[in-house]
Structures are given as structure tokens and as C-alpha cells.
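S.K.: This is the structure, below, for whatever I ask next.
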Amino acid sequence: VASVRACAALLAAAVALCAPLCSAIAAPGVTPVPPPENQALARDILRELVEVRSVHDVGTAGVAKLIAARLKTAGFADADVQVLADPKFPQQVNVVARLRGKAKGKPVLWIGHEDVVEAKPEDWTVPPFQLTEKDGYLYGRGTADMKGPDAAMLASLIRLKQEGFVPDRDIIVAFTADEEVGLEQDGVWWLLREHRDLIDAAMVINVDDASGRLVNGKRTHIEVETSQKIYVTFLLETTNKGGHSSLPRPDNAIYSLAAGLTRLAAFQFPYKTNATTRLYFQRMAQMKAGRERADMLAVVGPTLNEAAARRLAADTAHNSLLHSTCATTILSAGHQENALPQRARATVQCRIMPDETPEGTRQTLVRVLADPSIAVTIPDQVVSGPESPPTPAVIGAVERVVRSMWPEVTVLPSMVAGASDSLFTRNAGIPSYGISGVFEDALDRREHGRDERIGVDAFYEAVEFDNRLMRATSAADPAP
Ligand SMILES: [Zn+2]
């Protein structure tokens, strides 16, 4: 394996020399990787980052220090390496780096979070806060989510600097705090509120999460995340004056709520598509056959075919793409076995389509529950962001880079049901795209789990991918 990689590195070095002129070249069957010294740099950075236990309680100061030092050693001016923390959370430190360009348009902002989810050594087969190479993989907490992608991004930025590359537009790279626990101490959100000038951009590339999918070891497609469903939790509540259970009455807080929930269980939000899911199903259809293929093509037309949508929705993953969904997740009621219930509560967790609103959804729930005695409220703050359109300019730029590395791979825009920092940048009005060059086994994803890892080759390929995508997206034209 090592000799194959060395050979690939030589080839890649040759390709890199002519990259600006002939970036479309990919040697048949060999995926380009960065020159050996850039590979070594990326791996050194990854090792350093994994060794810092940057979990929520500890913060990201240690990671930020390493990243800033690497940037300065590589020749970035002090003014272009900003190390910043919210004074309220001094251990949650962010680094914002800038590679200055020719000012031909607004900058492109790349983001990656520095924090990781906790890992207990006793649960792992290797030490979680140490980089271990085994069986073709690099193991350690954060190797996938997302110190691997962070190291790739940093090594690529440093390589551009060393190559003397001057982009048309500034490339800003922000390494940020506390994505995993979120809201209050989230670095991206804080930077948008307090230091918008430092990170203001025409578009965002968020390298969180592996975008490439392997099925049986074979690369199938790369997903470009263009939108997220909105996370909204509703509280349903009935109250009653209660009384002695020996003297029951027809009015009962539990029965009222239960009857409403039964009506909710029978309800479905209408099927719909958006620019992202239409392109997703259209391209996914090309990888399918028969009925499934026909159904996918039938939901992307000008009028959505209901029967086709219903058949596709039998797959829970497709179901989540085709409409807003709500699920009752918690139920609690009553206070003693011989007392009539004074209160009954249900938690209803919804993932709504990006063009819908929490208040609109609340009104739908009120209508479906069809009982004015059931109060429906939204207890927590909701952050939402619109779909970032999968424009030909952006998707085209990604496709050209993907084709130059993996000619067989399809690019699929995607809407996800989970949340990332792109939520905040979209909320702030900046079109944001979730894309990394990391390929992962679709059935063995270990982010947040035990023995987290990234393929050794997959890691170096991702470093090369970032370098090419930084070049491509910082050109004057591919603004969305
Ligand atoms: Zn992540």
C-alpha cells in the first residue's frame, strides 16, 4: 500500500505542477494526492489536533493555539491570523485566517469546528486522543468529525500560500468553537454577531461531515449539502382541575391529549420538493432502475406525482426529504394513582422543510389536534436558514474538481435532517454548501462513536480536494 501511495504522490506532484493549466487531468485509476511534503504537513497537523482533548468542557483554546502557530510559521501576517473568543467563554477560541486575493468579488469563507465529542478510553480499542495508524486507517477522536477535515483545510491553505497562489477573491478559513454542544457558545454564530466584517463572504464552504460515500469499498457519489430541515420542538399540554379518582368525570387531561395525539398520528404533511431535492432525485434516478427510478423521476416534474411520492416515502430516508415530519417523542401526565390528572404533556419533535415556518407548523398542529383545550407552544429558540440554491455556478465548480479526481463519482445536492454551523451562516444570509473530499463507508460511520477513523488514502485525497476546490471556488465567477 505504501509503495502505491508513494507512486500516487509522484504522479500528484507532476499534476500539481501543471494544476492551474491542466487540472482536469486525472491519471486513469490513480487518485491524485498532494506532494509528499504537503501530505506530511497535513498528517503532522492532524496528529497535533487529535492529541488536544477539545471537548465542550475543556474548550478549543489548545487547538486554536496550534492552528495559529502553523499559520504564522507558514508566513501568514499577524493581521491575517485572528485569534478570538467571546469574553464570556474565554476557553472557546476561534481562529480566522485570510489568504488575500485580488479583490475581484466578495471572499469565500471556509468553516470547520475545532471541538469534538467526548471519548472514553475504556470504550475504545485504541487511545482516543492519540493518532494511531492501523489497517489503512487513522484512528482517533475527531479524525472524521472533524479534525481530519480541519487538518486538510489548513494544509491546503498553507500549500496555496507556499505556492504563491493569489486568488481572485480572498479565501477566509475560520476554525471555530463548540459546534457539537451548540447555540450559546457556538463560534460561528458568535463571529457572525460580533465580527461579521472578519468573515463576511459571498458563500460558505463547510467541510464538516464526510461528503463522499463508499458502498462495498467503491465510491458512488459526493453529497453537497445545500439545506437543512428546521429543528422545532413543540410542547402539547392539557390541564384539568383534577379530583378524586373514585369520582371520575368525562373530562380528563390524559384522554383529551391522547385523542389529539391519535389525530396527529394519522396526519401527514403534504409532499413537496425544492430545488435541492428535485436535483437529488433526478440524479439519484440515474443510479436506480425500474419502479424506483420511475418514481424518482415522477416527483421532480412540474406537478408532483402523489402516488410516486407515497411509494418513495416507504423508505424513511426518502420520507424525510419529501415533506415536513413530526414525531411524538415524550409523554408525561398525572401526579398520583388515586388522583385525576391535572396535567398531561407531550413533546412533539418536528423537522420542517426549509421554506416553512415554526409558527405556520404550530398552526397546522393546532388544526390537526382539533381541540382548543390542547395548548401548543414552542419552548425553545429556533434558528432557521433558507435553502442555498444548488446553482450551476457552484455545483459546476464542485463537479469539475470532483471529475478531476474521481471521474466516476456523481455529485448530488442534499437536504439533511440534522444541523451544522451552516444553519447560522444561512440564517445570516450567506449561501452555504456542505462539502468535503472525504469518502466514508456509508454503512460504517463512526462520528461521535467508538474507534472513530478516517482512511489514510481518503485523508490525503481530501487534502488534495480542498486545495483544488479552494482554487476553483475563489475564481471570480462561481459566486452563487
Ligand atoms: Zn462535525
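Here, A, B, ... name the chains of the C-alpha cells in the order displayed, residue numbers run from 1 inside each chain, and ligands are numbered from 1 in the same displayed order.
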Determine, using only C-alpha atoms and all ligand atoms, which residues of chain A have any atom at most 6 Å from an atom of ligand 1, and tabulate each with its shortest atom pair and distance in Å to one decimal place, rows ordered by chain and then rising number, as a Markdown table.
M.R.:
| residue | atom | partner | partner_atom_place_in_ligand_line | distance |
| --- | --- | --- | --- | --- |
| A:Asp145 | CA | ligand 1 | 1 (Zn) | 4.6 |
| A:Met146 | CA | ligand 1 | 1 (Zn) | 5.4 |
| A:Asp208 | CA | ligand 1 | 1 (Zn) | 4.9 |
| A:Asp209 | CA | ligand 1 | 1 (Zn) | 5.7 |
S.K.: For the residues in that selection, give me N, CA, C and O atoms as a compact mmCIF listing (two decimals), in the first residue's frame.
M.R.:
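Listing of part-v5.txt after writing:
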# COMPACT_ATOMS: atom_id res chain seq x y z
N ASP A 145 -14.79 13.67 12.41
CA ASP A 145 -15.64 14.82 12.80
C ASP A 145 -14.93 15.65 13.83
O ASP A 145 -15.13 15.45 15.01
N MET A 146 -14.16 16.69 13.46
CA MET A 146 -13.75 16.91 12.10
C MET A 146 -12.32 17.44 12.04
O MET A 146 -12.01 18.34 11.30
N ASP A 208 -17.51 20.25 7.36
CA ASP A 208 -17.97 19.32 8.40
C ASP A 208 -18.61 18.12 7.71
O ASP A 208 -19.33 18.29 6.73
N ASP A 209 -18.35 16.92 8.23
CA ASP A 209 -19.01 15.71 7.74
C ASP A 209 -18.39 15.22 6.42
O ASP A 209 -18.04 16.01 5.56
S.K.: Based on DSSP run over this structure's backbone, return all residues of segment 258-463 of chain A in strand (DSSP E), as a count of residues only.
M.R.: 40
S.K.: Sorted by chain and rising residue number, list the residues of segment 394-456 of chain A at most 9 Å from segment 221-243 of chain A (counting only C-alpha atoms), each with its closest atom pair and distance in Å to one decimal, as JSON lines.
M.R.:
{"residue": "A:Ile395", "atom": "CA", "partner": "A:Val224", "partner_atom": "CA", "distance": 8.1}
{"residue": "A:Val398", "atom": "CA", "partner": "A:Val224", "partner_atom": "CA", "distance": 8.6}
{"residue": "A:Val402", "atom": "CA", "partner": "A:Ile222", "partner_atom": "CA", "distance": 8.4}
{"residue": "A:Glu408", "atom": "CA", "partner": "A:His221", "partner_atom": "CA", "distance": 8.4}
{"residue": "A:Val409", "atom": "CA", "partner": "A:His221", "partner_atom": "CA", "distance": 5.0}
{"residue": "A:Thr410", "atom": "CA", "partner": "A:His221", "partner_atom": "CA", "distance": 4.6}
{"residue": "A:Val411", "atom": "CA", "partner": "A:Ile222", "partner_atom": "CA", "distance": 5.0}
{"residue": "A:Leu412", "atom": "CA", "partner": "A:Glu223", "partner_atom": "CA", "distance": 4.7}
{"residue": "A:Pro413", "atom": "CA", "partner": "A:Val224", "partner_atom": "CA", "distance": 4.6}
{"residue": "A:Ser414", "atom": "CA", "partner": "A:Glu225", "partner_atom": "CA", "distance": 4.6}
{"residue": "A:Met415", "atom": "CA", "partner": "A:Ser227", "partner_atom": "CA", "distance": 4.7}
{"residue": "A:Val416", "atom": "CA", "partner": "A:Gln228", "partner_atom": "CA", "distance": 4.8}
{"residue": "A:Ala417", "atom": "CA", "partner": "A:Lys229", "partner_atom": "CA", "distance": 5.1}
{"residue": "A:Gly418", "atom": "CA", "partner": "A:Gln228", "partner_atom": "CA", "distance": 6.7}
{"residue": "A:Ala419", "atom": "CA", "partner": "A:Gln228", "partner_atom": "CA", "distance": 6.5}
{"residue": "A:Ser420", "atom": "CA", "partner": "A:Gln228", "partner_atom": "CA", "distance": 8.4}
{"residue": "A:Ser422", "atom": "CA", "partner": "A:Ser227", "partner_atom": "CA", "distance": 8.4}
{"residue": "A:Leu423", "atom": "CA", "partner": "A:Gln228", "partner_atom": "CA", "distance": 7.3}
{"residue": "A:Arg426", "atom": "CA", "partner": "A:Ser227", "partner_atom": "CA", "distance": 8.7}
{"residue": "A:Pro431", "atom": "CA", "partner": "A:Thr226", "partner_atom": "CA", "distance": 8.2}
{"residue": "A:Ser432", "atom": "CA", "partner": "A:Thr226", "partner_atom": "CA", "distance": 6.5}
{"residue": "A:Tyr433", "atom": "CA", "partner": "A:Thr226", "partner_atom": "CA", "distance": 5.1}
{"residue": "A:Gly434", "atom": "CA", "partner": "A:Glu225", "partner_atom": "CA", "distance": 4.4}
{"residue": "A:Ile435", "atom": "CA", "partner": "A:Val224", "partner_atom": "CA", "distance": 5.1}
{"residue": "A:Ser436", "atom": "CA", "partner": "A:Val224", "partner_atom": "CA", "distance": 8.3}
{"residue": "A:Gly437", "atom": "CA", "partner": "A:Ile222", "partner_atom": "CA", "distance": 8.1}
{"residue": "A:Val438", "atom": "CA", "partner": "A:Ile222", "partner_atom": "CA", "distance": 8.9}
{"residue": "A:Phe439", "atom": "CA", "partner": "A:Ile222", "partner_atom": "CA", "distance": 8.0}
S.K.: Which of segment 57-86 of chain A end up as alpha helix (DSSP H) when DSSP is run on this backbone - answer as a list in words?
M.R.: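 Those in segment 57-86 of chain A that DSSP calls alpha helix (DSSP H) are Ala61, Gly62, Val63, Ala64, Lys65, Leu66, Ile67, Ala68, Ala69, Arg70, Leu71, Lys72 and Thr73 of chain A.
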S.K.: Go ahead and save the residues from that selection, with N, CA and C atoms, as a PDB file, in the first residue's frame.
M.R.:
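See out-v4.pdb below for the written result:
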ATOM      1  N   ALA A  61      -9.259  26.322  23.133  1.00  0.00           N
ATOM      2  CA  ALA A  61      -8.067  27.174  23.188  1.00  0.00           C
ATOM      3  C   ALA A  61      -6.811  26.432  22.707  1.00  0.00           C
ATOM      4  N   GLY A  62      -6.666  25.174  23.119  1.00  0.00           N
ATOM      5  CA  GLY A  62      -5.476  24.395  22.751  1.00  0.00           C
ATOM      6  C   GLY A  62      -5.370  24.175  21.253  1.00  0.00           C
ATOM      7  N   VAL A  63      -6.480  23.881  20.628  1.00  0.00           N
ATOM      8  CA  VAL A  63      -6.485  23.666  19.175  1.00  0.00           C
ATOM      9  C   VAL A  63      -6.194  24.985  18.455  1.00  0.00           C
ATOM     10  N   ALA A  64      -6.830  26.060  18.911  1.00  0.00           N
ATOM     11  CA  ALA A  64      -6.656  27.371  18.271  1.00  0.00           C
ATOM     12  C   ALA A  64      -5.188  27.793  18.290  1.00  0.00           C
ATOM     13  N   LYS A  65      -4.513  27.516  19.404  1.00  0.00           N
ATOM     14  CA  LYS A  65      -3.108  27.884  19.546  1.00  0.00           C
ATOM     15  C   LYS A  65      -2.243  27.166  18.497  1.00  0.00           C
ATOM     16  N   LEU A  66      -2.497  25.863  18.327  1.00  0.00           N
ATOM     17  CA  LEU A  66      -1.734  25.084  17.353  1.00  0.00           C
ATOM     18  C   LEU A  66      -1.972  25.593  15.931  1.00  0.00           C
ATOM     19  N   ILE A  67      -3.231  25.875  15.622  1.00  0.00           N
ATOM     20  CA  ILE A  67      -3.576  26.315  14.268  1.00  0.00           C
ATOM     21  C   ILE A  67      -2.939  27.678  13.971  1.00  0.00           C
ATOM     22  N   ALA A  68      -3.038  28.602  14.930  1.00  0.00           N
ATOM     23  CA  ALA A  68      -2.457  29.935  14.725  1.00  0.00           C
ATOM     24  C   ALA A  68      -0.944  29.838  14.525  1.00  0.00           C
ATOM     25  N   ALA A  69      -0.305  28.961  15.321  1.00  0.00           N
ATOM     26  CA  ALA A  69       1.157  28.816  15.202  1.00  0.00           C
ATOM     27  C   ALA A  69       1.529  28.278  13.816  1.00  0.00           C
ATOM     28  N   ARG A  70       0.788  27.292  13.325  1.00  0.00           N
ATOM     29  CA  ARG A  70       1.051  26.738  11.989  1.00  0.00           C
ATOM     30  C   ARG A  70       0.919  27.809  10.911  1.00  0.00           C
ATOM     31  N   LEU A  71      -0.098  28.641  11.030  1.00  0.00           N
ATOM     32  CA  LEU A  71      -0.341  29.683  10.028  1.00  0.00           C
ATOM     33  C   LEU A  71       0.790  30.706  10.028  1.00  0.00           C
ATOM     34  N   LYS A  72       1.220  31.094  11.223  1.00  0.00           N
ATOM     35  CA  LYS A  72       2.274  32.109  11.299  1.00  0.00           C
ATOM     36  C   LYS A  72       3.599  31.558  10.797  1.00  0.00           C
ATOM     37  N   THR A  73       3.892  30.293  11.143  1.00  0.00           N
ATOM     38  CA  THR A  73       5.116  29.657  10.634  1.00  0.00           C
ATOM     39  C   THR A  73       5.103  29.623   9.108  1.00  0.00           C
TER      40      THR A  73
END
S.K.: When you draw a straight line from atom CA of Gly182 of chain A to atom CA of Asp44 of chain A, how long is it in Å?
M.R.: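 Computing it gives 28.2 Å between the two atoms.
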S.K.: Would you list the contacts of Gly455 of chain A as a PyMOL selection string, taking every protein, DNA or RNA residue within 9 Å and counting only C-alpha atoms, but skipping same-chain residues closer than 2 positions in sequence?
M.R.: chain A and resi 135-139+438-440+453+457-460
S.K.: Could you list, as a PyMOL selection string, every residue within 12 Å of Phe76 of chain A, counting only C-alpha atoms and ignoring same-chain residues fewer than 2 positions away?
M.R.: chain A and resi 67-74+78-82+96-100+157-162+164
S.K.: From the list A:Arg345, A:Arg351, A:Arg249, A:Lys88, which residue is nearest Phe269 of chain A when using only C-alpha atoms?
M.R.: A:Arg351
S.K.: Quick one: distance from atom CA of Ala177 of chain A to atom CA of Glu447 of chain A in Å, one decimal?
M.R.: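 Atom CA of Glu447 of chain A lies 17.5 Å from atom CA of Ala177 of chain A.
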S.K.: What is the atom CA of Val30 of chain A-atom CA of Pro390 of chain A distance in Å, reported with one decimal?
M.R.: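 The value is 29.0 Å.
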S.K.: Could you give me, as a ChimeraX atom specification, the residues within 10 Å of segment 252-260 of chain A, counting only C-alpha atoms and dropping anything in the same chain fewer than 6 positions from it?
M.R.: /A:236-242,331-334,340-346,365-366,368-371,373-375
S.K.: Could you please take those selected residues and save C-alpha atoms as a tab-separated table (two decimals), in the first residue's frame?
M.R.:
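The resulting selection-v6.tsv:
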chain	number	residue	atom	x	y	z
A	236	LEU	CA	-48.56	19.98	23.81
A	237	GLU	CA	-50.33	20.41	27.12
A	238	THR	CA	-53.77	19.83	28.62
A	239	THR	CA	-54.76	20.87	32.12
A	240	ASN	CA	-57.73	19.96	34.29
A	241	LYS	CA	-58.93	20.78	37.80
A	242	GLY	CA	-58.50	17.08	38.68
A	331	LEU	CA	-45.29	11.74	27.11
A	332	SER	CA	-45.88	12.56	30.77
A	333	ALA	CA	-49.05	13.01	32.81
A	334	GLY	CA	-50.69	12.72	36.21
A	340	LEU	CA	-57.49	12.55	38.41
A	341	PRO	CA	-54.75	14.04	36.19
A	342	GLN	CA	-54.37	17.81	36.41
A	343	ARG	CA	-51.82	17.94	33.61
A	344	ALA	CA	-50.78	15.91	30.56
A	345	ARG	CA	-47.86	16.80	28.28
A	346	ALA	CA	-46.46	15.53	25.03
A	365	LEU	CA	-50.71	21.20	14.63
A	366	VAL	CA	-53.48	23.19	16.33
A	368	VAL	CA	-54.94	18.74	13.31
A	369	LEU	CA	-55.25	18.29	17.09
A	370	ALA	CA	-58.71	19.88	16.71
A	371	ASP	CA	-59.19	20.52	20.41
A	373	SER	CA	-58.04	22.64	25.23
A	374	ILE	CA	-54.67	21.36	23.94
A	375	ALA	CA	-52.17	24.24	24.22
S.K.: Using only C-alpha atoms, which of A:Asp178, A:Pro34, A:Glu118, A:Tyr271 sits nearest Thr60 of chain A?
M.R.: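 Closest candidate: A:Asp178.
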